[in-house]
Amino acid sequence: MIDIKQQVNAEEKALLVGVVQKNQDEQEVLENLDELAFLAETAGAVTIKKFIQKLPQPNSKTFIGKGKLQEVGEYLKQHPADIIIFDDELSGSQITNIEKAVDVKTIDRSDLILDIFARRAKTARAKAQVELAQYQYILPRLRGMWKHLERLGGGIGTRGPGETEIETDRRIVRDKISLLRRRLQEIDKQSFTQRKERGEFIRVSLVGYTNVGKSTIMNVLSKSDVFAENKLFATLDTTTRKVVFENTPFLLSDTVGFIRKLPHHLIESFKSTLDEVREADLLLHVVDISHPKYEEQMATVNKTLQEIAAFDKPVITVFNKTDRYEELTFDEWLEPETKREILNQLEERWQRATGDKAVFISAIERKKIDKLRECILQNVRVLYKARYPYKTDYFF
């Protein structure tokens with residue numbers, strides 16, 4: 001059995017590397033590196049330096065240019081680090097060449113995200129999904145790896161005539177991928193049966209960028225105790241709770257957060273987990289209004305919803321962390337009336353953009369939660385009348 005090792009160890013010192021390519025500007029790459037630093041922190045590493053290079057296209061051998069790689073090597077002599085993390089996907093041969101040049105473990109953004117997912121996975125389903133994504137990531141990189149993967153068995157019967165070691169590794173990885181897919185199909189059948197047994201309830205799903213406060217909102221609305229913390233991908237496994245507002249019951253689900261440059265094979269692996277989103281009747285798109293690039297995060301979520309065929313559903317946009325937004329935006333000397341006017345203008349803008357389906361709250365401080373409940377209740381009741389009209393007298 002191939003052993004997929006954890007890539008990042010606690011308190012490792014990390015260097016981050018980004019490349020400004022065509023149709024990009026330096027500010028965009030710097031923001032991506034800030035997010036990469038947060039990912040590294042979530043995995044337990046400490047970022048000590050960021051490197052950026054402008055290139056018309058990445059170097060086929062080392063991704064960055066020879067001079068920049070030498071600069072990184074010189075920096076490492078003065079400031080030793082444990083790991084180098086690239087913001088873009090690297091090939092197996094590029095990783096090998098970089099490690100040979102600087103003698104430091106090197107990974108890319110996809111590898112880092114997979115490592116975080118592997119740490120966060122708790123259920124059999126999540127573990128199988130992450131493992132499948134890891135093997136799919138490894139398969140095209142086998143040729144470039146300079147050290148072979150561990151294998152179960154060996155000797156007579158494990159290798160056909162003339163079969164090379166790389167072909168053996170590929171066969172083992174493909175077999176493992178097939179096995180994990182079959183296992184996930186079985187788990188999906190069980191999950192589908194469980195969803196069917198939930199009865200005729202309207203389903204509401206929380207979606208959004210990672211670390212926007214979905215799990216905190218889940219806890220507030222359902223009065224449950226879903227794990228939540230200020231780190232990326234705190235939630236991997238879908239959690240569903242039955243919630244009742246004014247005699248109107250519905251099912252509320254919390255799902256995995258989205259992120260820029262989310263590895264394609266990870267989306268593929270987690271599509272079954274995102275069935276809750278696809279099968280939902282109403283989506284609560286949670287947005288961190290305090291984030292300077294919250295509109296880009298919203299666009300990333302919408303793009304991912306399109307990829308999983310869940311973009312045509314009714315949506316309530318929940319702008320969370322208004323307390324943090326006020327902290328970061330307003331000076332102490334600003335008059336309360338001016339603050340209210342700015343906030344009102346922001347709210348009016350998004351009410352127009354969403355067709356009056358936007359709510360501004362602070363889940364952590366329980367601000368305007370009643371308004372959110374009222375908005376959800378109105379939309380859920382409309383959906384009940386359309387889908388299960390015979391239940392409306394009983395519920396309402």
# chains A, B, ... in the order shown; residues from 1 in each chain; ligands from 1
call {"tool": "residues_around", "arguments": {"residues": "Arg174 of chain A", "least_positions_apart": "2", "cutoff": "12 Å", "atoms": "only C-alpha atoms", "output": "list in words"}}
result
Ile2, Leu132, Gln134, Tyr135, Gln136, Tyr137, Ile138, Leu139, Pro140, Leu142, Glu167, Thr168, Asp169, Arg170, Arg171, Ile172, Lys176, Ile177, Ser178, Leu179, Leu180 and Arg181 of chain A
call {"tool": "residues_around", "arguments": {"residues": "Leu266 of chain A", "least_positions_apart": "4", "cutoff": "10 Å", "atoms": "only C-alpha atoms", "output": "PDB file with all heavy atoms, in the first residue's frame"}}
result
ATOM      1  N   SER A 110      -1.577  23.049  -4.376  1.00  0.00           N
ATOM      2  CA  SER A 110      -2.484  21.891  -4.370  1.00  0.00           C
ATOM      3  C   SER A 110      -2.064  20.879  -3.311  1.00  0.00           C
ATOM      4  O   SER A 110      -2.901  20.344  -2.574  1.00  0.00           O
ATOM      5  CB  SER A 110      -2.501  21.221  -5.745  1.00  0.00           C
ATOM      6  OG  SER A 110      -3.058  22.075  -6.704  1.00  0.00           O
ATOM      7  N   ILE A 113      -3.004  22.195   0.132  1.00  0.00           N
ATOM      8  CA  ILE A 113      -4.442  22.063   0.396  1.00  0.00           C
ATOM      9  C   ILE A 113      -4.804  20.608   0.687  1.00  0.00           C
ATOM     10  O   ILE A 113      -5.575  20.310   1.613  1.00  0.00           O
ATOM     11  CB  ILE A 113      -5.267  22.617  -0.788  1.00  0.00           C
ATOM     12  CG1 ILE A 113      -5.106  24.137  -0.874  1.00  0.00           C
ATOM     13  CG2 ILE A 113      -6.746  22.263  -0.643  1.00  0.00           C
ATOM     14  CD1 ILE A 113      -5.734  24.765  -2.104  1.00  0.00           C
ATOM     15  N   LEU A 114      -4.242  19.690  -0.081  1.00  0.00           N
ATOM     16  CA  LEU A 114      -4.489  18.263   0.151  1.00  0.00           C
ATOM     17  C   LEU A 114      -4.012  17.845   1.537  1.00  0.00           C
ATOM     18  O   LEU A 114      -4.655  17.038   2.220  1.00  0.00           O
ATOM     19  CB  LEU A 114      -3.794  17.423  -0.919  1.00  0.00           C
ATOM     20  CG  LEU A 114      -4.442  17.429  -2.304  1.00  0.00           C
ATOM     21  CD1 LEU A 114      -3.516  16.786  -3.325  1.00  0.00           C
ATOM     22  CD2 LEU A 114      -5.776  16.717  -2.282  1.00  0.00           C
ATOM     23  N   PHE A 117      -6.549  19.073   4.037  1.00  0.00           N
ATOM     24  CA  PHE A 117      -7.736  18.217   3.966  1.00  0.00           C
ATOM     25  C   PHE A 117      -7.479  16.873   4.658  1.00  0.00           C
ATOM     26  O   PHE A 117      -8.344  16.346   5.345  1.00  0.00           O
ATOM     27  CB  PHE A 117      -8.142  17.992   2.503  1.00  0.00           C
ATOM     28  CG  PHE A 117      -9.116  19.012   1.980  1.00  0.00           C
ATOM     29  CD1 PHE A 117      -8.813  20.362   2.019  1.00  0.00           C
ATOM     30  CD2 PHE A 117     -10.331  18.631   1.443  1.00  0.00           C
ATOM     31  CE1 PHE A 117      -9.701  21.310   1.545  1.00  0.00           C
ATOM     32  CE2 PHE A 117     -11.229  19.571   0.957  1.00  0.00           C
ATOM     33  CZ  PHE A 117     -10.916  20.908   1.010  1.00  0.00           C
ATOM     34  N   GLN A 129     -12.297  10.421   0.264  1.00  0.00           N
ATOM     35  CA  GLN A 129     -12.283  11.481  -0.744  1.00  0.00           C
ATOM     36  C   GLN A 129     -10.914  12.153  -0.832  1.00  0.00           C
ATOM     37  O   GLN A 129     -10.403  12.413  -1.919  1.00  0.00           O
ATOM     38  CB  GLN A 129     -13.366  12.516  -0.413  1.00  0.00           C
ATOM     39  CG  GLN A 129     -14.772  12.013  -0.711  1.00  0.00           C
ATOM     40  CD  GLN A 129     -15.838  12.919  -0.128  1.00  0.00           C
ATOM     41  OE1 GLN A 129     -15.666  13.517   0.929  1.00  0.00           O
ATOM     42  NE2 GLN A 129     -16.969  13.023  -0.809  1.00  0.00           N
ATOM     43  N   VAL A 130     -10.335  12.439   0.328  1.00  0.00           N
ATOM     44  CA  VAL A 130      -9.012  13.074   0.351  1.00  0.00           C
ATOM     45  C   VAL A 130      -7.953  12.138  -0.217  1.00  0.00           C
ATOM     46  O   VAL A 130      -7.100  12.537  -1.016  1.00  0.00           O
ATOM     47  CB  VAL A 130      -8.631  13.500   1.788  1.00  0.00           C
ATOM     48  CG1 VAL A 130      -7.194  14.006   1.829  1.00  0.00           C
ATOM     49  CG2 VAL A 130      -9.565  14.591   2.287  1.00  0.00           C
ATOM     50  N   GLU A 131      -8.024  10.868   0.168  1.00  0.00           N
ATOM     51  CA  GLU A 131      -7.040   9.904  -0.327  1.00  0.00           C
ATOM     52  C   GLU A 131      -7.139   9.756  -1.851  1.00  0.00           C
ATOM     53  O   GLU A 131      -6.117   9.683  -2.547  1.00  0.00           O
ATOM     54  CB  GLU A 131      -7.256   8.547   0.353  1.00  0.00           C
ATOM     55  CG  GLU A 131      -6.047   7.624   0.237  1.00  0.00           C
ATOM     56  CD  GLU A 131      -6.226   6.324   1.001  1.00  0.00           C
ATOM     57  OE1 GLU A 131      -7.213   6.183   1.760  1.00  0.00           O
ATOM     58  OE2 GLU A 131      -5.372   5.434   0.819  1.00  0.00           O
ATOM     59  N   LEU A 132      -8.375   9.744  -2.362  1.00  0.00           N
ATOM     60  CA  LEU A 132      -8.571   9.663  -3.812  1.00  0.00           C
ATOM     61  C   LEU A 132      -7.934  10.876  -4.501  1.00  0.00           C
ATOM     62  O   LEU A 132      -7.224  10.735  -5.504  1.00  0.00           O
ATOM     63  CB  LEU A 132     -10.067   9.602  -4.130  1.00  0.00           C
ATOM     64  CG  LEU A 132     -10.466   9.664  -5.609  1.00  0.00           C
ATOM     65  CD1 LEU A 132      -9.831   8.515  -6.395  1.00  0.00           C
ATOM     66  CD2 LEU A 132     -11.983   9.658  -5.762  1.00  0.00           C
ATOM     67  N   ALA A 133      -8.166  12.065  -3.950  1.00  0.00           N
ATOM     68  CA  ALA A 133      -7.595  13.283  -4.540  1.00  0.00           C
ATOM     69  C   ALA A 133      -6.067  13.251  -4.491  1.00  0.00           C
ATOM     70  O   ALA A 133      -5.391  13.685  -5.426  1.00  0.00           O
ATOM     71  CB  ALA A 133      -8.122  14.515  -3.800  1.00  0.00           C
ATOM     72  N   GLN A 134      -5.508  12.703  -3.408  1.00  0.00           N
ATOM     73  CA  GLN A 134      -4.049  12.617  -3.288  1.00  0.00           C
ATOM     74  C   GLN A 134      -3.456  11.691  -4.359  1.00  0.00           C
ATOM     75  O   GLN A 134      -2.444  12.018  -4.984  1.00  0.00           O
ATOM     76  CB  GLN A 134      -3.671  12.119  -1.885  1.00  0.00           C
ATOM     77  CG  GLN A 134      -3.861  13.175  -0.805  1.00  0.00           C
ATOM     78  CD  GLN A 134      -3.585  12.620   0.583  1.00  0.00           C
ATOM     79  OE1 GLN A 134      -3.990  11.500   0.917  1.00  0.00           O
ATOM     80  NE2 GLN A 134      -2.907  13.387   1.408  1.00  0.00           N
ATOM     81  N   GLN A 136      -4.841  10.925  -7.228  1.00  0.00           N
ATOM     82  CA  GLN A 136      -5.027  11.571  -8.533  1.00  0.00           C
ATOM     83  C   GLN A 136      -3.978  12.656  -8.757  1.00  0.00           C
ATOM     84  O   GLN A 136      -3.554  12.895  -9.889  1.00  0.00           O
ATOM     85  CB  GLN A 136      -6.441  12.157  -8.622  1.00  0.00           C
ATOM     86  CG  GLN A 136      -7.518  11.095  -8.769  1.00  0.00           C
ATOM     87  CD  GLN A 136      -8.920  11.674  -8.703  1.00  0.00           C
ATOM     88  OE1 GLN A 136      -9.192  12.635  -7.989  1.00  0.00           O
ATOM     89  NE2 GLN A 136      -9.835  11.080  -9.455  1.00  0.00           N
ATOM     90  N   TYR A 137      -3.570  13.302  -7.683  1.00  0.00           N
ATOM     91  CA  TYR A 137      -2.519  14.324  -7.765  1.00  0.00           C
ATOM     92  C   TYR A 137      -1.161  13.676  -8.050  1.00  0.00           C
ATOM     93  O   TYR A 137      -0.368  14.174  -8.844  1.00  0.00           O
ATOM     94  CB  TYR A 137      -2.469  15.105  -6.443  1.00  0.00           C
ATOM     95  CG  TYR A 137      -1.321  16.082  -6.343  1.00  0.00           C
ATOM     96  CD1 TYR A 137      -1.407  17.353  -6.896  1.00  0.00           C
ATOM     97  CD2 TYR A 137      -0.144  15.734  -5.680  1.00  0.00           C
ATOM     98  CE1 TYR A 137      -0.348  18.252  -6.806  1.00  0.00           C
ATOM     99  CE2 TYR A 137       0.915  16.621  -5.587  1.00  0.00           C
ATOM    100  CZ  TYR A 137       0.801  17.884  -6.143  1.00  0.00           C
ATOM    101  OH  TYR A 137       1.856  18.764  -6.051  1.00  0.00           O
ATOM    102  N   LEU A 262      -8.652  26.052  -6.171  1.00  0.00           N
ATOM    103  CA  LEU A 262      -8.943  24.760  -5.552  1.00  0.00           C
ATOM    104  C   LEU A 262      -8.620  23.673  -6.564  1.00  0.00           C
ATOM    105  O   LEU A 262      -9.119  23.708  -7.690  1.00  0.00           O
ATOM    106  CB  LEU A 262     -10.419  24.679  -5.144  1.00  0.00           C
ATOM    107  CG  LEU A 262     -10.824  23.523  -4.235  1.00  0.00           C
ATOM    108  CD1 LEU A 262     -10.137  23.620  -2.881  1.00  0.00           C
ATOM    109  CD2 LEU A 262     -12.328  23.503  -4.033  1.00  0.00           C
ATOM    110  N   PHE A 270     -14.729  15.611  -4.095  1.00  0.00           N
ATOM    111  CA  PHE A 270     -15.697  16.065  -3.105  1.00  0.00           C
ATOM    112  C   PHE A 270     -17.076  16.357  -3.710  1.00  0.00           C
ATOM    113  O   PHE A 270     -17.940  16.889  -3.027  1.00  0.00           O
ATOM    114  CB  PHE A 270     -15.169  17.309  -2.372  1.00  0.00           C
ATOM    115  CG  PHE A 270     -14.374  16.951  -1.151  1.00  0.00           C
ATOM    116  CD1 PHE A 270     -13.092  16.459  -1.261  1.00  0.00           C
ATOM    117  CD2 PHE A 270     -14.920  17.063   0.115  1.00  0.00           C
ATOM    118  CE1 PHE A 270     -12.358  16.106  -0.147  1.00  0.00           C
ATOM    119  CE2 PHE A 270     -14.202  16.710   1.242  1.00  0.00           C
ATOM    120  CZ  PHE A 270     -12.918  16.231   1.114  1.00  0.00           C
ATOM    121  N   LYS A 271     -17.255  15.993  -4.984  1.00  0.00           N
ATOM    122  CA  LYS A 271     -18.557  16.257  -5.608  1.00  0.00           C
ATOM    123  C   LYS A 271     -19.684  15.538  -4.884  1.00  0.00           C
ATOM    124  O   LYS A 271     -20.800  16.036  -4.795  1.00  0.00           O
ATOM    125  CB  LYS A 271     -18.528  15.871  -7.087  1.00  0.00           C
ATOM    126  CG  LYS A 271     -18.055  17.028  -7.963  1.00  0.00           C
ATOM    127  CD  LYS A 271     -18.175  16.729  -9.441  1.00  0.00           C
ATOM    128  CE  LYS A 271     -17.797  17.964 -10.260  1.00  0.00           C
ATOM    129  NZ  LYS A 271     -17.791  17.713 -11.698  1.00  0.00           N
TER     130      LYS A 271
END
call {"tool": "residues_around", "arguments": {"residues": "Ala45 of chain A", "least_positions_apart": "4", "cutoff": "10 Å", "atoms": "only C-alpha atoms", "output": "list in words"}}
result
Val8, Asn9, Ala10, Glu11, Glu12, Lys13, Ala14, Leu15, Ala37, Phe38, Leu39, Ala40, Glu41, Asp82 and Ile83 of chain A
call {"tool": "residues_around", "arguments": {"residues": "Val29 of chain A", "least_positions_apart": "5", "cutoff": "12 Å", "atoms": "only C-alpha atoms", "output": "list in words"}}
result
Leu16, Val17, Gly18, Val19, Val20, Gln21, Lys22, Asn23, Gln24, Asp34, Glu35, Leu36, Lys50, Phe51, Ile52, Gln53, Lys54, Phe86, Asp87, Asp88 and Arg260 of chain A
call {"tool": "closest_residue", "arguments": {"among": "A:Phe245, A:Tyr75, A:Phe311, A:Phe319", "to": "Gly213 of chain A", "atoms": "only C-alpha atoms"}}
result
A:Phe319
call {"tool": "residues_around", "arguments": {"residues": "segment 321-327 of chain A", "least_positions_apart": "3", "cutoff": "7 Å", "atoms": "only C-alpha atoms", "output": "list in words"}}
result
Asp288, Ile289, Ser290, Phe330, Phe360, Ile361, Ser362 and Ala363 of chain A
call {"tool": "atom_distance", "arguments": {"atom1": "atom CA of Lys223 of chain A", "atom2": "atom CA of Arg241 of chain A"}}
result
9.4 Å
call {"tool": "closest_residue", "arguments": {"among": "A:Asn97, A:Gln351, A:Thr210, A:Thr248", "to": "Val301 of chain A", "atoms": "only C-alpha atoms"}}
result
A:Thr210
call {"tool": "select_by_dssp", "arguments": {"residues": "segment 245-339 of chain A", "states": "alpha helix (DSSP H)", "output": "number ranges by chain"}}
result
A: 264-269, 275-278, 294-307, 322-329, 336-339
call {"tool": "write_last_selection", "arguments": {"atoms": "C-alpha atoms", "output": "PDB file, in the first residue's frame"}}
result
ATOM      1  CA  HIS A 264      -9.640  20.244  -9.864  1.00  0.00           C
ATOM      2  CA  HIS A 265      -9.167  16.656  -8.634  1.00  0.00           C
ATOM      3  CA  LEU A 266     -10.220  17.810  -5.154  1.00  0.00           C
ATOM      4  CA  ILE A 267     -13.481  19.239  -6.532  1.00  0.00           C
ATOM      5  CA  GLU A 268     -14.002  15.952  -8.402  1.00  0.00           C
ATOM      6  CA  SER A 269     -13.389  13.910  -5.237  1.00  0.00           C
ATOM      7  CA  ASP A 275     -24.617  16.624  -3.219  1.00  0.00           C
ATOM      8  CA  GLU A 276     -26.162  18.471  -0.251  1.00  0.00           C
ATOM      9  CA  VAL A 277     -25.654  21.699  -2.189  1.00  0.00           C
ATOM     10  CA  ARG A 278     -26.935  20.270  -5.479  1.00  0.00           C
ATOM     11  CA  TYR A 294     -14.927  39.724  -0.707  1.00  0.00           C
ATOM     12  CA  GLU A 295     -16.398  40.316  -4.173  1.00  0.00           C
ATOM     13  CA  GLU A 296     -13.697  38.133  -5.750  1.00  0.00           C
ATOM     14  CA  GLN A 297     -14.470  35.461  -3.150  1.00  0.00           C
ATOM     15  CA  MET A 298     -18.150  35.665  -4.105  1.00  0.00           C
ATOM     16  CA  ALA A 299     -17.186  35.197  -7.764  1.00  0.00           C
ATOM     17  CA  THR A 300     -15.089  32.128  -6.854  1.00  0.00           C
ATOM     18  CA  VAL A 301     -18.048  30.580  -5.011  1.00  0.00           C
ATOM     19  CA  ASN A 302     -20.423  31.304  -7.908  1.00  0.00           C
ATOM     20  CA  LYS A 303     -17.971  29.749 -10.358  1.00  0.00           C
ATOM     21  CA  THR A 304     -17.696  26.596  -8.210  1.00  0.00           C
ATOM     22  CA  LEU A 305     -21.504  26.409  -7.922  1.00  0.00           C
ATOM     23  CA  GLN A 306     -21.659  26.483 -11.717  1.00  0.00           C
ATOM     24  CA  GLU A 307     -19.098  23.653 -11.890  1.00  0.00           C
ATOM     25  CA  THR A 322     -20.118  43.286  10.007  1.00  0.00           C
ATOM     26  CA  ASP A 323     -18.470  43.944  13.387  1.00  0.00           C
ATOM     27  CA  ARG A 324     -15.061  43.272  11.849  1.00  0.00           C
ATOM     28  CA  TYR A 325     -15.954  45.393   8.807  1.00  0.00           C
ATOM     29  CA  GLU A 326     -16.759  48.379  11.041  1.00  0.00           C
ATOM     30  CA  GLU A 327     -13.526  47.831  12.974  1.00  0.00           C
ATOM     31  CA  LEU A 328     -11.413  47.890   9.810  1.00  0.00           C
ATOM     32  CA  THR A 329     -13.335  50.595   7.922  1.00  0.00           C
ATOM     33  CA  PRO A 336     -22.308  57.518  14.395  1.00  0.00           C
ATOM     34  CA  GLU A 337     -24.666  59.064  11.822  1.00  0.00           C
ATOM     35  CA  THR A 338     -21.948  58.948   9.141  1.00  0.00           C
ATOM     36  CA  LYS A 339     -21.246  55.303   9.980  1.00  0.00           C
TER      37      LYS A 339
END
